[in-house]
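Below: query39.tsv (TSV, C-alpha atoms (C1' of nucleotides))
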```tsv
chain	number	residue	atom	x	y	z
A	1	MET	CA	236.79	-90.72	31.04
A	2	ASN	CA	233.58	-92.15	32.27
A	3	LYS	CA	233.02	-95.55	33.73
A	4	TYR	CA	229.64	-95.86	32.04
A	5	THR	CA	229.06	-96.52	28.39
A	6	LYS	CA	226.62	-94.25	26.67
A	7	ALA	CA	223.84	-96.84	26.69
A	8	GLU	CA	224.23	-97.54	30.33
A	9	LYS	CA	223.90	-93.87	31.18
A	10	ILE	CA	220.75	-93.77	29.16
A	11	ARG	CA	219.20	-96.75	30.83
A	12	ILE	CA	219.99	-95.47	34.28
A	13	ASN	CA	218.93	-91.90	33.69
A	14	SER	CA	216.11	-92.27	31.23
A	15	VAL	CA	212.80	-91.58	32.87
A	16	GLY	CA	211.02	-93.18	29.93
A	17	TRP	CA	213.03	-96.35	30.13
A	18	MET	CA	212.53	-96.64	33.86
A	19	MET	CA	208.81	-96.07	33.52
A	20	LYS	CA	208.57	-98.80	30.95
A	21	MET	CA	210.43	-101.18	33.25
A	22	ILE	CA	208.14	-100.42	36.14
A	23	SER	CA	205.09	-100.63	33.96
A	24	THR	CA	206.04	-104.05	32.70
A	25	ARG	CA	206.32	-105.19	36.27
A	26	LEU	CA	202.97	-103.64	37.13
A	27	ASP	CA	201.34	-105.47	34.26
A	28	SER	CA	202.79	-108.69	35.46
A	29	LEU	CA	201.59	-108.17	39.03
A	30	ILE	CA	198.11	-107.13	37.98
A	31	LYS	CA	197.82	-109.96	35.49
A	32	GLN	CA	198.75	-112.36	38.23
A	33	GLU	CA	196.05	-111.00	40.53
A	34	LEU	CA	193.46	-110.97	37.78
A	35	LYS	CA	194.01	-114.61	37.00
A	36	ARG	CA	191.84	-115.79	39.82
A	37	LEU	CA	189.04	-113.53	38.59
A	38	GLY	CA	189.41	-114.94	35.10
A	39	LEU	CA	190.09	-111.51	33.64
A	40	ASP	CA	192.87	-110.08	31.50
A	41	LEU	CA	194.35	-106.60	31.48
A	42	LYS	CA	192.08	-105.22	28.79
A	43	GLN	CA	188.98	-106.48	30.47
A	44	PHE	CA	190.27	-104.96	33.67
A	45	GLY	CA	190.68	-101.62	31.93
A	46	VAL	CA	187.21	-101.64	30.46
A	47	LEU	CA	185.66	-102.54	33.80
A	48	MET	CA	187.57	-99.74	35.51
A	49	ALA	CA	186.37	-97.27	32.90
A	50	LEU	CA	182.79	-98.37	33.47
A	51	LEU	CA	183.09	-98.32	37.23
A	52	GLU	CA	184.09	-94.73	36.81
A	53	GLU	CA	181.25	-93.89	34.46
A	54	GLU	CA	178.58	-96.06	32.93
A	55	GLY	CA	176.72	-95.56	29.71
A	56	LEU	CA	179.80	-94.81	27.65
A	57	THR	CA	180.05	-95.75	24.02
A	58	GLN	CA	182.69	-98.22	22.96
A	59	THR	CA	184.74	-95.49	21.41
A	60	GLU	CA	184.61	-93.45	24.60
A	61	ILE	CA	185.78	-96.43	26.60
A	62	GLY	CA	188.61	-97.01	24.18
A	63	LYS	CA	189.76	-93.42	24.47
A	64	LYS	CA	189.70	-93.51	28.23
A	65	ILE	CA	191.97	-96.52	28.48
A	66	THR	CA	193.89	-96.17	25.20
A	67	LEU	CA	192.49	-99.17	23.42
A	68	PRO	CA	191.95	-99.26	19.65
A	69	GLY	CA	188.45	-99.81	18.36
A	70	TYR	CA	188.83	-103.38	17.24
A	71	ALA	CA	190.26	-104.38	20.60
A	72	THR	CA	187.48	-102.59	22.43
A	73	THR	CA	184.91	-104.51	20.41
A	74	ARG	CA	186.48	-107.82	21.25
A	75	THR	CA	187.02	-107.04	24.90
A	76	ILE	CA	183.41	-105.99	25.24
A	77	ASP	CA	182.34	-109.16	23.44
A	78	ALA	CA	184.22	-111.16	26.04
A	79	LEU	CA	182.87	-109.23	29.01
A	80	GLU	CA	179.36	-109.50	27.67
A	81	LYS	CA	179.75	-113.24	27.31
A	82	LYS	CA	180.83	-113.36	30.95
A	83	GLN	CA	177.72	-111.31	31.73
A	84	LEU	CA	179.69	-108.57	33.44
A	85	ILE	CA	178.47	-105.83	31.12
A	86	GLU	CA	175.72	-105.31	28.56
A	87	ARG	CA	175.32	-103.38	25.35
A	88	ARG	CA	172.26	-101.17	25.31
A	89	THR	CA	171.01	-99.37	22.25
A	90	ASP	CA	171.67	-95.67	22.17
A	91	GLU	CA	168.40	-93.88	21.43
A	92	ARG	CA	170.29	-90.94	19.99
A	93	SER	CA	172.29	-92.91	17.50
A	94	ARG	CA	171.73	-96.26	15.94
A	95	ARG	CA	175.35	-96.85	15.17
A	96	SER	CA	176.63	-96.82	18.73
A	97	TYR	CA	175.93	-98.75	21.89
A	98	ARG	CA	175.87	-97.55	25.45
A	99	ILE	CA	177.71	-99.94	27.74
A	100	TYR	CA	176.52	-100.72	31.25
A	101	LEU	CA	177.72	-102.95	34.04
A	102	THR	CA	175.45	-105.78	35.13
A	103	ASP	CA	174.97	-106.50	38.82
A	104	LYS	CA	177.66	-109.11	38.48
A	105	GLY	CA	179.86	-106.49	36.88
A	106	HIS	CA	179.31	-104.00	39.68
A	107	ALA	CA	180.21	-106.73	42.14
A	108	THR	CA	183.72	-106.98	40.70
A	109	GLY	CA	184.40	-103.35	41.62
A	110	PRO	CA	185.64	-103.93	45.17
A	111	GLU	CA	187.86	-106.77	44.03
A	112	LEU	CA	189.45	-104.62	41.37
A	113	PHE	CA	190.02	-101.77	43.79
A	114	ILE	CA	191.73	-104.15	46.16
A	115	ILE	CA	194.06	-105.26	43.41
A	116	ILE	CA	194.95	-101.72	42.46
A	117	ASN	CA	195.59	-100.70	46.03
A	118	LYS	CA	197.70	-103.74	46.67
A	119	VAL	CA	199.83	-103.20	43.60
A	120	ASN	CA	200.21	-99.51	44.35
A	121	GLU	CA	201.32	-100.34	47.84
A	122	ASP	CA	203.93	-102.71	46.47
A	123	LEU	CA	205.11	-100.07	44.06
A	124	LEU	CA	205.35	-97.27	46.60
A	125	SER	CA	206.47	-99.24	49.61
A	126	VAL	CA	210.02	-97.92	49.51
A	127	LEU	CA	208.97	-94.28	49.32
A	128	PRO	CA	208.27	-91.95	52.23
A	129	ALA	CA	205.05	-89.95	52.13
A	130	THR	CA	206.80	-86.87	50.77
A	131	GLU	CA	208.07	-88.68	47.72
A	132	ARG	CA	204.79	-90.47	47.17
A	133	LYS	CA	203.10	-87.12	46.99
A	134	GLN	CA	205.78	-85.70	44.72
A	135	LEU	CA	205.44	-88.63	42.37
A	136	THR	CA	201.67	-88.38	42.26
A	137	THR	CA	201.80	-84.66	41.57
A	138	ILE	CA	204.36	-85.03	38.82
A	139	LEU	CA	202.54	-87.82	37.03
A	140	GLN	CA	199.27	-85.92	37.19
A	141	LYS	CA	201.04	-82.94	35.72
A	142	ILE	CA	202.38	-84.96	32.82
A	143	LEU	CA	199.02	-86.49	32.09
A	144	SER	CA	196.98	-83.35	32.41
A	145	ALA	CA	199.39	-81.65	30.01
A	146	GLY	CA	198.06	-84.02	27.39
A	147	PHE	CA	200.74	-86.67	27.35
A	148	ALA	CA	198.77	-89.88	26.71
B	1	MET	CA	179.49	-86.44	49.96
B	2	ASN	CA	182.22	-86.64	47.42
B	3	LYS	CA	181.99	-85.50	43.87
B	4	TYR	CA	184.15	-88.40	42.66
B	5	THR	CA	183.05	-91.99	42.38
B	6	LYS	CA	185.40	-94.50	43.92
B	7	ALA	CA	186.79	-95.61	40.58
B	8	GLU	CA	187.46	-92.08	39.47
B	9	LYS	CA	189.42	-91.36	42.59
B	10	ILE	CA	191.47	-94.43	41.91
B	11	ARG	CA	192.22	-93.51	38.37
B	12	ILE	CA	193.24	-90.00	39.29
B	13	ASN	CA	195.29	-90.90	42.32
B	14	SER	CA	196.74	-94.25	41.40
B	15	VAL	CA	200.40	-94.00	40.62
B	16	GLY	CA	200.29	-97.41	39.02
B	17	TRP	CA	197.44	-96.53	36.75
B	18	MET	CA	199.06	-93.29	35.68
B	19	MET	CA	202.35	-95.01	34.99
B	20	LYS	CA	200.62	-97.53	32.81
B	21	MET	CA	198.91	-94.77	30.87
B	22	ILE	CA	202.16	-92.95	30.31
B	23	SER	CA	203.96	-96.13	29.43
B	24	THR	CA	201.39	-97.02	26.80
B	25	ARG	CA	201.96	-93.64	25.25
B	26	LEU	CA	205.72	-94.07	25.40
B	27	ASP	CA	205.45	-97.40	23.62
B	28	SER	CA	203.39	-95.82	20.92
B	29	LEU	CA	205.84	-92.96	20.41
B	30	ILE	CA	208.86	-95.23	20.35
B	31	LYS	CA	207.20	-97.73	18.04
B	32	GLN	CA	206.41	-94.89	15.69
B	33	GLU	CA	210.02	-93.76	15.65
B	34	LEU	CA	211.33	-97.29	15.24
B	35	LYS	CA	209.19	-97.91	12.21
B	36	ARG	CA	211.58	-96.14	9.90
B	37	LEU	CA	214.42	-98.29	11.23
B	38	GLY	CA	212.38	-101.42	10.64
B	39	LEU	CA	212.60	-102.42	14.28
B	40	ASP	CA	210.04	-103.28	16.90
B	41	LEU	CA	210.08	-102.66	20.64
B	42	LYS	CA	211.61	-105.97	21.59
B	43	GLN	CA	214.38	-105.63	19.08
B	44	PHE	CA	214.96	-102.13	20.38
B	45	GLY	CA	215.27	-103.51	23.88
B	46	VAL	CA	217.74	-106.20	22.92
B	47	LEU	CA	219.88	-103.73	21.02
B	48	MET	CA	219.90	-101.34	23.97
B	49	ALA	CA	220.96	-104.15	26.27
B	50	LEU	CA	223.81	-105.03	23.94
B	51	LEU	CA	224.87	-101.44	23.46
B	52	GLU	CA	225.23	-101.34	27.20
B	53	GLU	CA	227.15	-104.58	27.39
B	54	GLU	CA	228.12	-107.09	24.73
B	55	GLY	CA	228.77	-110.75	25.09
B	56	LEU	CA	225.71	-111.46	27.20
B	57	THR	CA	223.89	-114.76	27.01
B	58	GLN	CA	220.32	-114.77	25.82
B	59	THR	CA	219.06	-115.35	29.32
B	60	GLU	CA	221.04	-112.39	30.60
B	61	ILE	CA	219.61	-110.17	27.92
B	62	GLY	CA	216.12	-111.33	28.76
B	63	LYS	CA	216.60	-110.53	32.42
B	64	LYS	CA	217.92	-107.09	31.67
B	65	ILE	CA	214.91	-106.07	29.63
B	66	THR	CA	212.26	-108.34	31.16
B	67	LEU	CA	211.71	-110.60	28.21
B	68	PRO	CA	210.83	-114.29	28.56
B	69	GLY	CA	213.17	-116.85	27.08
B	70	TYR	CA	211.09	-117.82	24.09
B	71	ALA	CA	210.68	-114.19	23.10
B	72	THR	CA	214.37	-113.54	23.51
B	73	THR	CA	215.16	-116.44	21.21
B	74	ARG	CA	212.84	-115.15	18.53
B	75	THR	CA	213.94	-111.55	18.81
B	76	ILE	CA	217.55	-112.59	18.50
B	77	ASP	CA	216.65	-114.74	15.52
B	78	ALA	CA	215.17	-111.67	13.88
B	79	LEU	CA	218.09	-109.39	14.70
B	80	GLU	CA	220.52	-111.98	13.47
B	81	LYS	CA	218.64	-112.25	10.21
B	82	LYS	CA	218.94	-108.47	9.86
B	83	GLN	CA	222.65	-108.90	10.56
B	84	LEU	CA	222.58	-106.50	13.47
B	85	ILE	CA	223.87	-109.04	15.96
B	86	GLU	CA	225.55	-112.42	15.95
B	87	ARG	CA	225.51	-115.51	18.14
B	88	ARG	CA	228.96	-116.66	19.15
B	89	THR	CA	229.65	-119.91	20.90
B	90	ASP	CA	230.46	-119.67	24.58
B	91	GLU	CA	233.68	-121.52	25.26
B	92	ARG	CA	232.64	-122.06	28.87
B	93	SER	CA	229.32	-123.66	28.12
B	94	ARG	CA	228.01	-125.44	25.11
B	95	ARG	CA	224.40	-124.73	25.90
B	96	SER	CA	224.56	-120.96	25.76
B	97	TYR	CA	225.52	-118.35	23.21
B	98	ARG	CA	227.26	-115.06	23.67
B	99	ILE	CA	225.59	-112.31	21.72
B	100	TYR	CA	227.53	-109.55	20.00
B	101	LEU	CA	226.62	-106.56	17.89
B	102	THR	CA	227.84	-106.49	14.32
B	103	ASP	CA	229.25	-103.29	12.86
B	104	LYS	CA	225.85	-102.64	11.43
B	105	GLY	CA	224.41	-103.19	14.89
B	106	HIS	CA	226.81	-100.76	16.50
B	107	ALA	CA	225.83	-98.22	13.90
B	108	THR	CA	222.24	-98.20	15.10
B	109	GLY	CA	223.33	-96.99	18.53
B	110	PRO	CA	223.28	-93.26	17.83
B	111	GLU	CA	219.89	-93.53	16.17
B	112	LEU	CA	218.42	-95.34	19.14
B	113	PHE	CA	219.86	-92.81	21.55
B	114	ILE	CA	218.28	-90.02	19.56
B	115	ILE	CA	214.91	-91.70	19.78
B	116	ILE	CA	215.17	-92.15	23.52
B	117	ASN	CA	216.23	-88.60	24.09
B	118	LYS	CA	213.49	-87.26	21.91
B	119	VAL	CA	210.80	-89.29	23.65
B	120	ASN	CA	212.13	-88.36	27.06
B	121	GLU	CA	212.08	-84.73	26.11
B	122	ASP	CA	208.45	-85.04	25.05
B	123	LEU	CA	207.62	-86.76	28.29
B	124	LEU	CA	209.36	-84.26	30.53
B	125	SER	CA	208.68	-81.10	28.61
B	126	VAL	CA	206.10	-79.82	31.05
B	127	LEU	CA	208.30	-80.30	34.08
B	128	PRO	CA	210.79	-77.81	35.51
B	129	ALA	CA	214.28	-79.07	36.29
B	130	THR	CA	213.48	-79.59	39.95
B	131	GLU	CA	210.66	-81.97	39.22
B	132	ARG	CA	212.61	-83.77	36.54
B	133	LYS	CA	215.27	-84.47	39.08
B	134	GLN	CA	212.73	-85.52	41.68
B	135	LEU	CA	211.11	-87.93	39.26
B	136	THR	CA	214.40	-89.44	38.22
B	137	THR	CA	215.46	-89.94	41.81
B	138	ILE	CA	212.17	-91.52	42.81
B	139	LEU	CA	212.09	-93.94	39.90
B	140	GLN	CA	215.67	-94.99	40.51
B	141	LYS	CA	214.77	-95.60	44.12
B	142	ILE	CA	211.84	-97.83	43.19
B	143	LEU	CA	213.89	-99.82	40.73
B	144	SER	CA	216.95	-100.21	42.89
B	145	ALA	CA	214.71	-101.48	45.68
B	146	GLY	CA	214.04	-104.46	43.48
B	147	PHE	CA	210.72	-103.53	41.95
B	148	ALA	CA	210.99	-104.99	38.44
C	1	DT	C1'	230.51	-142.04	39.20
C	2	DT	C1'	225.89	-142.17	38.58
C	3	DG	C1'	221.54	-140.40	38.73
C	4	DC	C1'	218.56	-136.49	39.45
C	5	DA	C1'	217.73	-131.58	39.21
C	6	DA	C1'	218.30	-127.22	37.15
C	7	DT	C1'	219.68	-124.29	33.16
C	8	DT	C1'	219.74	-122.76	28.40
C	9	DG	C1'	217.70	-122.40	24.43
C	10	DT	C1'	214.22	-123.87	20.79
C	11	DT	C1'	209.74	-124.97	18.77
C	12	DG	C1'	204.77	-126.74	17.78
C	13	DC	C1'	200.50	-125.18	18.19
C	14	DA	C1'	196.49	-122.75	19.87
C	15	DA	C1'	195.10	-118.27	21.09
C	16	DA	C1'	195.56	-113.33	20.81
C	17	DT	C1'	196.70	-109.38	18.10
C	18	DG	C1'	196.77	-105.76	14.47
C	19	DC	C1'	195.85	-104.16	9.99
C	20	DA	C1'	192.80	-103.11	6.58
C	21	DA	C1'	188.56	-103.69	4.52
C	22	DC	C1'	183.79	-103.51	5.33
C	23	DT	C1'	178.85	-102.29	6.87
C	24	DT	C1'	175.88	-99.22	8.69
C	25	DA	C1'	174.69	-94.82	10.24
C	26	DT	C1'	175.23	-89.80	10.92
C	27	DA	C1'	177.15	-85.22	9.67
C	28	DA	C1'	178.41	-81.82	6.45
C	29	DT	C1'	178.46	-79.55	2.11
C	30	DG	C1'	177.06	-77.88	-2.24
D	1	DC	C1'	168.06	-83.00	-1.27
D	2	DA	C1'	171.70	-85.56	-3.19
D	3	DT	C1'	176.41	-86.33	-2.49
D	4	DT	C1'	180.35	-86.89	-0.01
D	5	DA	C1'	182.81	-87.22	4.15
D	6	DT	C1'	183.21	-88.81	8.76
D	7	DA	C1'	182.13	-91.82	12.61
D	8	DA	C1'	181.03	-96.30	15.13
D	9	DG	C1'	181.57	-100.78	15.23
D	10	DT	C1'	182.72	-105.43	13.28
D	11	DT	C1'	185.43	-109.01	11.06
D	12	DG	C1'	188.67	-111.82	7.84
D	13	DC	C1'	193.12	-112.96	7.70
D	14	DA	C1'	198.02	-112.94	8.32
D	15	DT	C1'	201.25	-112.22	11.91
D	16	DT	C1'	202.61	-112.42	16.61
D	17	DT	C1'	202.35	-114.22	21.04
D	18	DG	C1'	202.46	-117.38	24.98
D	19	DC	C1'	202.20	-121.83	26.91
D	20	DA	C1'	203.94	-126.08	27.41
D	21	DA	C1'	206.75	-129.65	25.88
D	22	DC	C1'	211.19	-130.64	24.27
D	23	DA	C1'	216.44	-131.52	23.55
D	24	DA	C1'	220.82	-130.66	25.11
D	25	DT	C1'	223.98	-129.47	28.55
D	26	DT	C1'	225.64	-128.57	33.13
D	27	DG	C1'	225.42	-128.70	38.23
D	28	DC	C1'	224.68	-131.17	42.33
D	29	DA	C1'	224.48	-134.71	45.66
D	30	DA	C1'	224.46	-139.37	47.22
```
In structure tokens, what does this structure look like?
Amino acid sequence: MNKYTKAEKIRINSVGWMMKMISTRLDSLIKQELKRLGLDLKQFGVLMALLEEEGLTQTEIGKKITLPGYATTRTIDALEKKQLIERRTDERSRRSYRIYLTDKGHATGPELFIIINKVNEDLLSVLPATERKQLTTILQKILSAGFA
Amino acid sequence: MNKYTKAEKIRINSVGWMMKMISTRLDSLIKQELKRLGLDLKQFGVLMALLEEEGLTQTEIGKKITLPGYATTRTIDALEKKQLIERRTDERSRRSYRIYLTDKGHATGPELFIIINKVNEDLLSVLPATERKQLTTILQKILSAGFA
DNA sequence: TTGCAATTGTTGCAAATGCAACTTATAATG
DNA sequence: CATTATAAGTTGCATTTGCAACAATTGCAA
């Protein structure tokens, strides 16, 4: 017979389970780093989306970072109150806003990039370059196939 | 110059970011599947931990699935109310419980395994066997190195 | 042994979350 | 056009969450 129970085999071999474990840890690390900027994970996500492309609607932002509408609204409320972003009227449609970073918002960019790089380095530190590349390629493949 | 902004490069190349994206999607898929069992993600985690090994203390369960103490308490409260698990006194220590699955709890095992397998299959469907193996190996390496 | 520190688990309460309903605006259809 | 459907965004409210304080027990060290 086998020295593992069924559940143990699953935990050890399940890519999904392992990804969730790692992701939980990533959240915790990032949250920790964000604390000194006074930001939370959602705000971080919205800022990253806008650093990538400004002038998005709220819905577009939500899609990009997988955030439901009501949460996007509230996160943008919070970021606007901190004066990191601003809602501008969309001249093509009166029911949507176009979201832009303020100068203060742009200034957070470098700090956020540092956090991401630091966390990625932590995550990948045990892997040689070959495996880092393999992992990157594989994840890109999964995502570009429409998963998430 | 480069056709990508800095943030876009990060999003595309960041292993951490991609993992978080995928993990969010995994949560959503699993949550969806769990709905018909009347369970949430935390309860799912606790049950998986116990299917792997019974008789753990609450703290041990929390460590295994990365759940803080207060959440473990409440999740176990809920599972006990559903009669899927039971708290037994620990004869070695009067401040901790040993948690066991009930018959009803054991019976959920196969259903949970099916969910995991299904979600994993979705996740990996675009990858050939070689890459599946690579990914598994790499993730195991990261985790066994103490990340998470 | 006694006193202090650490562990285990629980809980009150404020804050965050998620659902569903809602408003307003645009698109589509006859 | 008028009507209906869809989309964008907001919000009330109940539930869930997370922090911090707590009680109870055990470990440790003087």
Give me the residues within 9 Å of DA27 (chain C) as a ChimeraX atom specification, counting all atoms listed in the file and dropping any in the same chain fewer than 3 places off.
/D:5-7
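CA of Leu123 (chain B) is positioned 29.3 Å from CA of Leu101 (chain B).
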Do you know which residues lie at most 6 Å from (199.0, -121.2, 22.3), with coordinates as in the file and all atoms listed in the file counted, and could you write them as number ranges by chain?
C: 13-15; D: 18-19
Only C-alpha atoms (C1' of nucleotides), please: the residues just picked out, written as a PDB file, in the frame of the given file.
```
ATOM      1  C1'  DC C  13     200.500-125.180  18.190  1.00  0.00           C
ATOM      2  C1'  DA C  14     196.490-122.750  19.870  1.00  0.00           C
ATOM      3  C1'  DA C  15     195.100-118.270  21.090  1.00  0.00           C
TER       4       DA C  15
ATOM      5  C1'  DG D  18     202.460-117.380  24.980  1.00  0.00           C
ATOM      6  C1'  DC D  19     202.200-121.830  26.910  1.00  0.00           C
TER       7       DC D  19
END
```
Straight-line distance linking CA of Glu91 (chain A) with C1' of DA8 (chain D), stated in Å to one decimal:
14.3 Å
I need the contact residues of chain D against chain B, so if you could list those with any atom within 8 Å, counting all atoms listed in the file, and return them as a PyMOL selection string, that would help.
chain D and resi 24-26
Which residues of chain C are close to chain A, meaning at most 9 Å apart when you count all atoms listed in the file, and how do they look as an MDAnalysis selection string?
chainID C and resid 17:18 24:26
For chain A, list the residues within 8 Å of chain B, counting all atoms listed in the file, and write the list as a ChimeraX atom specification.
/A:5-8,10,12-16,18-26,48-49,51-52,65-66,113,116,119-120,123-124,126-127,131,134-136,138-143,145,147-148
Computed interatomic separation between C1' of DA21 (chain D) and C1' of DG9 (chain C) (Å)
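One can read the C1' of DA21 (chain D) to C1' of DG9 (chain C) distance as 13.2 Å.
If you measure from each of C:DA21, C:DA16, C:DT10, C:DA5 to Asp40 (chain A) using only C-alpha atoms (C1' of nucleotides), the closest one turns out to be C:DA16.
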Would you list the residues near (221.1, -138.4, 40.2) (no more than 10 Å away, in the coordinates of the file, using all atoms listed in the file) as a PyMOL selection string?
(chain C and resi 2-5) or (chain D and resi 28-30)
Those same residues - C-alpha atoms (C1' of nucleotides) - I'd like them written as a JSON list (two decimals), in the frame of the given file.
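So the final result, stored in result.json, reads:
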```json
[["chain", "number", "residue", "atom", "x", "y", "z"],
["C", 2, "DT", "C1'", 225.89, -142.17, 38.58],
["C", 3, "DG", "C1'", 221.54, -140.40, 38.73],
["C", 4, "DC", "C1'", 218.56, -136.49, 39.45],
["C", 5, "DA", "C1'", 217.73, -131.58, 39.21],
["D", 28, "DC", "C1'", 224.68, -131.17, 42.33],
["D", 29, "DA", "C1'", 224.48, -134.71, 45.66],
["D", 30, "DA", "C1'", 224.46, -139.37, 47.22]]
```
Non-local contacts of Arg98 (chain A) (6 Å; all atoms listed in the file; under 5 positions in same chain excluded) as JSON, numbers by chain:
{"A": [55, 56, 57, 87, 88, 90]}
